[in-house]
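**Student:** Provided below: structure01.txt, containing compact mmCIF, C-alpha atoms.
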```
# COMPACT_ATOMS: atom_id res chain seq x y z
CA MET A 38 -10.87 89.17 -45.12
CA LYS A 39 -10.82 85.87 -43.33
CA LYS A 40 -10.60 87.73 -40.06
CA ILE A 41 -13.66 89.82 -40.87
CA ILE A 42 -15.70 86.72 -41.75
CA GLN A 43 -14.54 85.00 -38.60
CA SER A 44 -15.59 87.96 -36.49
CA LEU A 45 -19.09 87.72 -37.94
CA MET A 46 -19.49 84.01 -37.32
CA ILE A 47 -20.93 83.12 -33.95
CA THR A 48 -21.68 79.79 -32.25
CA CYS A 49 -25.17 78.40 -31.73
CA GLN A 50 -24.81 79.18 -28.03
CA GLU A 51 -24.10 82.83 -28.79
CA ALA A 52 -26.88 82.93 -31.37
CA SER A 53 -29.38 81.59 -28.85
CA LEU A 54 -28.33 84.23 -26.32
CA LEU A 55 -28.82 86.96 -28.91
CA THR A 56 -32.22 85.44 -29.71
CA SER A 57 -33.29 85.96 -26.11
CA LYS A 58 -31.93 89.47 -26.17
CA SER A 59 -33.80 90.24 -29.39
CA GLN A 60 -37.12 89.71 -27.54
CA ASP A 61 -36.76 93.11 -25.94
CA ASN A 62 -35.43 94.79 -29.07
CA LYS A 63 -32.15 95.43 -27.36
CA LEU A 64 -29.78 94.19 -30.03
CA LYS A 65 -27.03 96.43 -31.28
CA PHE A 66 -26.75 96.68 -35.04
CA SER A 67 -23.70 94.41 -35.15
CA GLU A 68 -25.42 91.83 -32.94
CA ARG A 69 -28.51 91.79 -35.11
CA PHE A 70 -26.36 91.31 -38.18
CA LYS A 71 -24.50 88.39 -36.62
CA LEU A 72 -27.70 86.75 -35.38
CA PHE A 73 -29.48 86.99 -38.72
CA LEU A 74 -26.45 85.75 -40.59
CA HIS A 75 -26.29 82.76 -38.26
CA ILE A 76 -29.96 81.82 -38.47
CA LYS A 77 -29.86 82.20 -42.24
CA LEU A 78 -27.24 79.47 -42.30
CA CYS A 79 -28.37 77.31 -39.37
CA PRO A 80 -31.88 75.78 -39.58
CA VAL A 81 -31.81 74.59 -35.97
CA CYS A 82 -31.16 78.07 -34.60
CA TYR A 83 -33.73 79.44 -37.01
CA ALA A 84 -36.30 77.07 -35.48
CA PHE A 85 -35.12 78.10 -32.01
CA TYR A 86 -35.55 81.76 -32.92
CA LYS A 87 -39.13 81.17 -34.12
CA GLN A 88 -40.00 79.07 -31.08
CA ILE A 89 -38.70 81.64 -28.61
CA GLY A 90 -40.98 84.14 -30.36
CA ILE A 91 -43.95 81.84 -29.72
CA LEU A 92 -42.87 81.32 -26.09
CA HIS A 93 -42.56 85.09 -25.63
CA GLU A 94 -46.07 85.70 -26.97
CA SER A 95 -47.60 82.99 -24.86
CA LEU A 96 -45.90 84.18 -21.66
CA LYS A 97 -47.38 87.59 -22.31
CA ASN A 98 -50.82 85.99 -22.67
CA MET A 99 -50.43 83.81 -19.63
CA PHE A 100 -49.66 86.72 -17.35
CA LYS A 101 -52.13 89.08 -18.97
CA TYR A 102 -55.19 86.87 -19.02
CA SER A 103 -55.12 85.74 -15.46
CA ASN A 104 -58.82 85.91 -14.65
CA ILE A 105 -58.76 85.51 -10.88
CA SER A 106 -60.66 88.22 -9.09
CA MET A 107 -62.40 88.94 -5.83
CA SER A 108 -66.16 89.10 -5.75
CA ASN A 109 -67.79 92.43 -5.01
CA ALA A 110 -68.88 91.13 -1.63
CA GLU A 111 -65.32 90.16 -0.74
CA LYS A 112 -64.04 93.53 -1.83
CA HIS A 113 -66.74 95.26 0.15
CA SER A 114 -65.94 93.44 3.37
CA LEU A 115 -62.22 93.97 2.82
CA GLN A 116 -62.81 97.68 2.32
CA GLU A 117 -64.82 97.85 5.52
CA LYS A 118 -61.97 96.30 7.46
CA ILE A 119 -59.56 98.81 5.93
CA ASN A 120 -61.84 101.72 6.79
CA GLN A 121 -62.19 100.50 10.34
CA LEU A 122 -58.45 100.31 10.74
CA VAL A 123 -58.03 103.79 9.29
CA SER A 124 -60.58 105.34 11.64
CA ASN A 125 -59.07 103.55 14.64
CA ARG A 126 -55.73 105.19 14.09
CA MET B 281 -45.34 114.49 -8.99
CA GLU B 282 -46.37 113.74 -5.44
CA TYR B 283 -48.55 110.73 -4.82
CA VAL B 284 -51.12 110.49 -2.05
CA LEU B 285 -52.86 107.54 -0.41
CA ASN B 286 -56.56 106.87 -0.86
CA PRO B 287 -57.20 103.86 1.37
CA GLU B 288 -60.96 104.26 0.99
CA LYS B 289 -60.63 103.03 -2.59
CA TRP B 290 -58.03 100.33 -2.13
CA ALA B 291 -60.21 97.25 -2.41
CA ASP B 292 -61.75 98.41 -5.68
CA ASN B 293 -58.55 99.71 -7.17
CA TYR B 294 -55.97 97.12 -6.19
CA ALA B 295 -57.50 93.95 -4.71
CA ASP B 296 -57.71 92.13 -8.04
CA TYR B 297 -54.30 93.25 -9.19
CA LEU B 298 -52.62 92.22 -5.94
CA LEU B 299 -54.50 88.94 -5.82
CA ARG B 300 -53.29 88.03 -9.33
CA PHE B 301 -49.82 89.10 -8.36
CA ALA B 302 -49.85 86.81 -5.33
CA MET B 303 -51.38 83.91 -7.24
CA MET B 304 -48.55 84.00 -9.77
CA ARG B 305 -46.12 83.13 -7.01
CA ILE B 306 -48.23 81.26 -4.50
CA ASN B 307 -50.77 79.13 -6.23
CA GLN B 308 -53.16 78.85 -3.27
CA LEU B 309 -56.19 81.07 -3.42
CA GLU B 310 -56.87 81.28 0.29
CA LEU B 311 -53.31 82.11 1.23
CA ALA B 312 -53.08 84.64 -1.59
CA GLN B 313 -56.26 86.35 -0.37
CA ASP B 314 -54.88 86.50 3.16
CA LEU B 315 -51.67 88.05 1.93
CA VAL B 316 -53.58 90.72 0.04
CA GLN B 317 -55.56 91.58 3.14
CA GLU B 318 -52.42 91.69 5.28
CA THR B 319 -50.80 93.92 2.69
CA PHE B 320 -53.53 96.52 3.08
CA PHE B 321 -53.36 96.30 6.87
CA SER B 322 -49.58 96.68 6.96
CA ALA B 323 -49.86 99.59 4.58
CA ILE B 324 -52.25 101.42 6.91
CA LYS B 325 -49.99 100.73 9.84
CA SER B 326 -46.93 102.10 8.10
CA LYS B 327 -48.71 104.94 6.33
CA GLN B 328 -46.20 107.49 7.47
CA GLN B 329 -43.47 105.60 5.65
CA PHE B 330 -45.13 106.37 2.33
CA LYS B 331 -43.07 109.19 0.90
CA GLY B 332 -45.15 109.91 -2.16
CA ASN B 333 -42.31 109.33 -4.60
CA SER B 334 -43.82 106.17 -6.03
CA SER B 335 -47.43 105.40 -6.85
CA GLU B 336 -49.78 103.75 -4.39
CA LYS B 337 -49.83 100.68 -6.57
CA THR B 338 -46.07 100.35 -6.62
CA TRP B 339 -45.89 100.84 -2.88
CA LEU B 340 -48.58 98.26 -2.12
CA THR B 341 -46.97 95.81 -4.52
CA SER B 342 -43.63 96.12 -2.77
CA ILE B 343 -45.29 95.35 0.57
CA LEU B 344 -46.96 92.29 -0.94
CA LYS B 345 -43.64 91.16 -2.41
CA ASN B 346 -42.09 91.17 1.04
CA LYS B 347 -44.97 89.12 2.38
CA ILE B 348 -44.48 86.57 -0.39
CA ILE B 349 -40.77 86.38 0.42
CA ASP B 350 -41.64 85.73 4.07
CA GLU B 351 -43.99 83.00 2.95
CA TYR B 352 -41.20 81.36 0.97
CA ARG B 353 -38.93 81.57 4.00
CA LYS B 354 -41.54 80.01 6.24
CA LYS B 355 -41.87 77.09 3.90
CA GLY B 356 -38.12 76.70 3.93
CA ARG B 357 -37.92 77.42 0.27
CA LYS B 358 -34.88 79.15 -1.01
CA ASN B 359 -34.56 82.83 -0.51
CA TYR B 360 -36.32 84.94 -3.10
CA ILE B 361 -33.07 86.32 -4.41
CA GLU B 362 -30.11 84.18 -3.74
CA GLU B 363 -27.05 85.15 -5.63
CA GLN B 364 -25.77 81.68 -6.16
CA GLU B 365 -28.98 80.52 -7.74
CA LEU B 366 -29.28 83.70 -9.74
CA TYR B 367 -26.06 82.93 -11.54
CA GLU B 368 -26.66 79.22 -11.76
CA ASP B 369 -25.36 78.29 -15.16
CA ASN B 370 -27.30 75.67 -17.04
CA SER B 371 -26.03 76.41 -20.52
CA PHE B 372 -23.64 73.47 -20.27
CA LEU B 373 -26.72 71.27 -20.26
CA PHE B 374 -27.58 72.43 -23.75
CA PHE B 375 -24.29 73.17 -25.49
CA LYS B 376 -21.05 71.31 -26.06
CA ASN B 377 -17.90 72.51 -24.48
CA THR B 378 -15.38 70.22 -26.10
CA GLU B 379 -12.46 71.36 -28.23
CA GLY B 380 -13.55 72.11 -31.78
CA GLU B 381 -17.26 71.89 -30.95
CA ILE B 382 -17.60 74.70 -28.43
CA GLY B 383 -21.03 76.32 -28.44
CA GLN B 384 -22.74 73.72 -30.63
CA TRP B 385 -26.07 72.21 -29.60
CA LYS B 386 -25.76 68.83 -27.92
CA GLU B 387 -27.39 66.21 -30.13
CA ASN B 388 -30.09 65.30 -27.61
CA GLU B 389 -30.85 68.95 -26.91
CA LEU B 390 -31.35 70.03 -30.51
CA PRO B 391 -34.57 72.04 -30.79
CA GLN B 392 -37.06 69.89 -32.69
CA ALA B 393 -39.40 71.11 -35.38
CA TRP B 394 -42.81 71.99 -33.96
CA GLU B 395 -46.14 71.41 -35.59
CA LYS B 396 -46.98 73.81 -38.38
CA ASN B 397 -49.92 75.19 -36.46
CA ALA B 398 -47.89 75.86 -33.30
CA LEU B 399 -49.05 79.48 -33.26
CA ASP B 400 -52.71 78.42 -33.31
CA LYS B 401 -52.11 75.95 -30.53
CA ILE B 402 -51.16 78.69 -28.09
CA GLU B 403 -54.77 79.85 -28.31
CA GLU B 404 -55.89 76.74 -26.46
CA LYS B 405 -56.67 76.90 -22.79
CA GLU B 406 -54.94 73.61 -21.99
CA TYR B 407 -51.70 74.99 -23.35
CA TYR B 408 -51.58 77.54 -20.54
CA GLN B 409 -51.90 74.81 -17.92
CA VAL B 410 -48.85 73.17 -19.43
CA LEU B 411 -46.96 76.46 -19.63
CA ARG B 412 -47.83 77.29 -16.02
CA GLN B 413 -46.53 73.94 -14.84
CA CYS B 414 -43.32 74.60 -16.74
CA VAL B 415 -42.96 78.02 -15.12
CA GLU B 416 -43.53 76.51 -11.69
CA LYS B 417 -40.53 74.25 -12.20
CA LEU B 418 -38.25 77.29 -12.45
CA ASN B 419 -36.53 78.53 -9.31
CA PRO B 420 -38.21 81.37 -7.36
CA THR B 421 -35.83 83.99 -8.69
CA GLN B 422 -36.47 83.03 -12.28
CA GLN B 423 -40.21 83.09 -11.65
CA GLY B 424 -39.91 86.49 -10.02
CA LEU B 425 -38.06 87.84 -13.01
CA LEU B 426 -40.75 86.60 -15.39
CA GLN B 427 -43.41 88.16 -13.24
CA GLU B 428 -41.67 91.52 -13.29
CA LYS B 429 -41.21 91.32 -17.02
CA TYR B 430 -44.57 90.00 -18.15
CA PHE B 431 -47.05 90.79 -15.39
CA GLU B 432 -45.80 94.10 -14.09
CA GLU B 433 -44.42 94.89 -17.54
CA ASN B 434 -41.39 96.56 -16.02
CA SER B 435 -38.60 97.79 -18.25
CA THR B 436 -35.32 95.92 -18.43
CA GLU B 437 -33.66 98.82 -16.61
CA LYS B 438 -36.13 98.67 -13.73
CA ILE B 439 -35.83 94.90 -13.36
CA CYS B 440 -32.03 95.12 -13.29
CA LYS B 441 -32.27 97.72 -10.56
CA GLU B 442 -34.71 95.67 -8.53
CA PHE B 443 -32.62 92.49 -8.73
CA ASN B 444 -29.40 94.44 -8.46
CA ILE B 445 -27.90 92.84 -11.56
CA SER B 446 -26.19 94.14 -14.67
CA LYS B 447 -27.93 94.07 -18.02
CA SER B 448 -25.66 91.37 -19.32
CA ASN B 449 -26.50 89.22 -16.30
CA TYR B 450 -30.15 89.86 -17.01
CA TRP B 451 -29.82 88.56 -20.57
CA VAL B 452 -28.01 85.48 -19.38
CA ILE B 453 -30.71 84.72 -16.81
CA LEU B 454 -33.48 85.32 -19.32
CA HIS B 455 -31.69 83.11 -21.78
CA ARG B 456 -31.53 80.23 -19.31
CA ILE B 457 -35.22 80.64 -18.61
CA ASN B 458 -35.91 80.50 -22.33
CA LEU B 459 -33.83 77.36 -22.80
CA LEU B 460 -35.65 75.59 -19.97
CA LEU B 461 -39.16 76.70 -20.86
CA ARG B 462 -38.74 76.03 -24.55
CA LYS B 463 -37.64 72.50 -23.84
CA CYS B 464 -40.47 71.96 -21.36
CA ILE B 465 -43.25 73.09 -23.69
CA GLU B 466 -41.69 71.16 -26.56
CA LEU B 467 -41.78 67.94 -24.55
CA ASN B 468 -45.23 68.50 -23.10
CA TRP B 469 -47.14 70.26 -25.81
CA PHE B 470 -45.49 70.74 -29.17
CA LYS B 471 -43.91 67.36 -29.56
CA LYS B 472 -44.95 65.92 -32.89
```
Do you think you could lay out the structure here as structure tokens?
**Tutor:**
Amino acid sequence: MKKIIQSLMITCQEASLLTSKSQDNKLKFSERFKLFLHIKLCPVCYAFYKQIGILHESLKNMFKYSNISMSNAEKHSLQEKINQLVSNR
Amino acid sequence: MEYVLNPEKWADNYADYLLRFAMMRINQLELAQDLVQETFFSAIKSKQQFKGNSSEKTWLTSILKNKIIDEYRKKGRKNYIEEQELYEDNSFLFFKNTEGEIGQWKENELPQAWEKNALDKIEEKEYYQVLRQCVEKLNPTQQGLLQEKYFEENSTEKICKEFNISKSNYWVILHRINLLLRKCIELNWFKK
């Protein structure tokens, strides 16, 4: 019995690694069980888990809402250069 | 499915995408614009190398990636993918490694409680300036991995293939990125 319990207990370092892995929904059943057992018992790792969720969301936003773009005039002149190169070949 | 090239539509279809891609890695508008233009020119010149087994977009992106790598080289920055740096282990910075305490958070690295409205605060524009600065402190490989994951939205499998790493290495690298970024935004934004 003691052995079974020991096999389910993981360190904070391991729990934080599983937290990162959980972002992509790639946890095996046993890993998910160990992670949730750990964060149930460890408030610090629970906070870490929540914060990594927030980080994950905001990274998605940061990369998605990049609003840099070329003006139509820039695109037009770029396209002309491309066309010229195509017809020259 | 066989893909074909339609260079007469390139500027409309891909200029913005490629420009954003370049800006993520090289935060200088003029240089990024030049690289996009050069990407299209190189693509025309090496048209016959396009085999039609990947999309136009993927092909153009890979050309741009190489140009960005060259840019890094020119500036004497570290190689885009350098094995040593890829496996750089920073977990010892965060966790104890002493007998009886292995894997516990170091006292001064303990994640702190964030404000209750932390989720609302990621709606603010200023937050993304802070986050961007934090991302820029990562090494080029780590930044490249984030870009593949969040900007290109590539699958874990595809990223592993591209970086030539195993999945378990991928998790370890992602984990280190998370540890560093979490700390950085805590210090610069969420600190109570």
**Student:** Could you check how far CA of Cys440 in chain B sits from CA of Lys65 in chain A, in Å to one decimal?
**Tutor:**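 Result for CA of Cys440 in chain B versus CA of Lys65 in chain A: 18.7 Å, one decimal.
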**Student:** Have a look at CA of Pro391 in chain B and CA of Arg412 in chain B and let me know their distance in Å, one decimal.
**Tutor:** 20.5 Å
**Student:** If I take CA of Lys376 in chain B and CA of Trp394 in chain B, how far is one from the other in Å, to one decimal?
**Tutor:** 23.2 Å
**Student:** Between A:Ser114, A:Ser106, A:Gln43, A:Ser59, which has the minimum distance to chain B (counting only C-alpha atoms)?
**Tutor:**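 Counting only C-alpha atoms, the residue closest to chain B is A:Ser106.
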**Student:** Could you give me, as a Markdown table, a per-residue list for chain A showing, wherever an atom lies at most 6 Å from an atom of chain B, the closest pair of atoms and their distance in Å to one decimal, using all atoms listed in the file and sorting by chain then residue number from low to high?
**Tutor:**
```
| residue | atom | partner | partner_atom | distance |
| --- | --- | --- | --- | --- |
| A:Thr48 | CA | B:Gly383 | CA | 5.2 |
| A:Cys49 | CA | B:Gln384 | CA | 5.4 |
| A:Gln50 | CA | B:Gly383 | CA | 4.8 |
| A:Leu54 | CA | B:His455 | CA | 5.8 |
| A:Ser57 | CA | B:His455 | CA | 5.4 |
| A:Lys97 | CA | B:Tyr430 | CA | 5.6 |
| A:Phe100 | CA | B:Phe431 | CA | 5.2 |
| A:Ser106 | CA | B:Asp296 | CA | 5.0 |
| A:Lys112 | CA | B:Ala291 | CA | 5.4 |
| A:Gln116 | CA | B:Ala291 | CA | 5.4 |
```
**Student:** Residues near Ile47 in chain A, anyone? I mean within 8 Å using all atoms listed in the file, not counting same-chain ones fewer than 3 positions away, as a list in words.
**Tutor:**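 Final neighbour list, sorted by chain and number: Ser44, Glu51, Ala52, Lys71, Leu72 and His75 of chain A.
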**Student:** Give, as lines of an AutoDock Vina configuration file, the centre coordinates and the x, y and z edge lengths in Å to one decimal for an axis-aligned box around all listed atoms of range 95-110 of chain A, padded by 3 Å on each side.
**Tutor:**
```
center_x = -57.4
center_y = 87.7
center_z = -13.2
size_x = 29.0
size_y = 15.4
size_z = 29.2
```
**Student:** Using all atoms listed in the file for the distances, tell me which of A:Asn98, A:Ser53, A:Asn62, A:Ser108 is nearest to Val81 in chain A.
**Tutor:**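 Ranking A:Asn98, A:Ser53, A:Asn62, A:Ser108 by distance to Val81 in chain A, first place goes to A:Ser53.
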**Student:** Identify which of the residues B:Asp350, B:Glu379, B:Glu282, B:Asp314 lies closest to Ser335 in chain B, counting all atoms listed in the file when measuring atom-to-atom distances.
**Tutor:**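 Going through B:Asp350, B:Glu379, B:Glu282, B:Asp314 one by one, the smallest distance to Ser335 in chain B is for B:Glu282.
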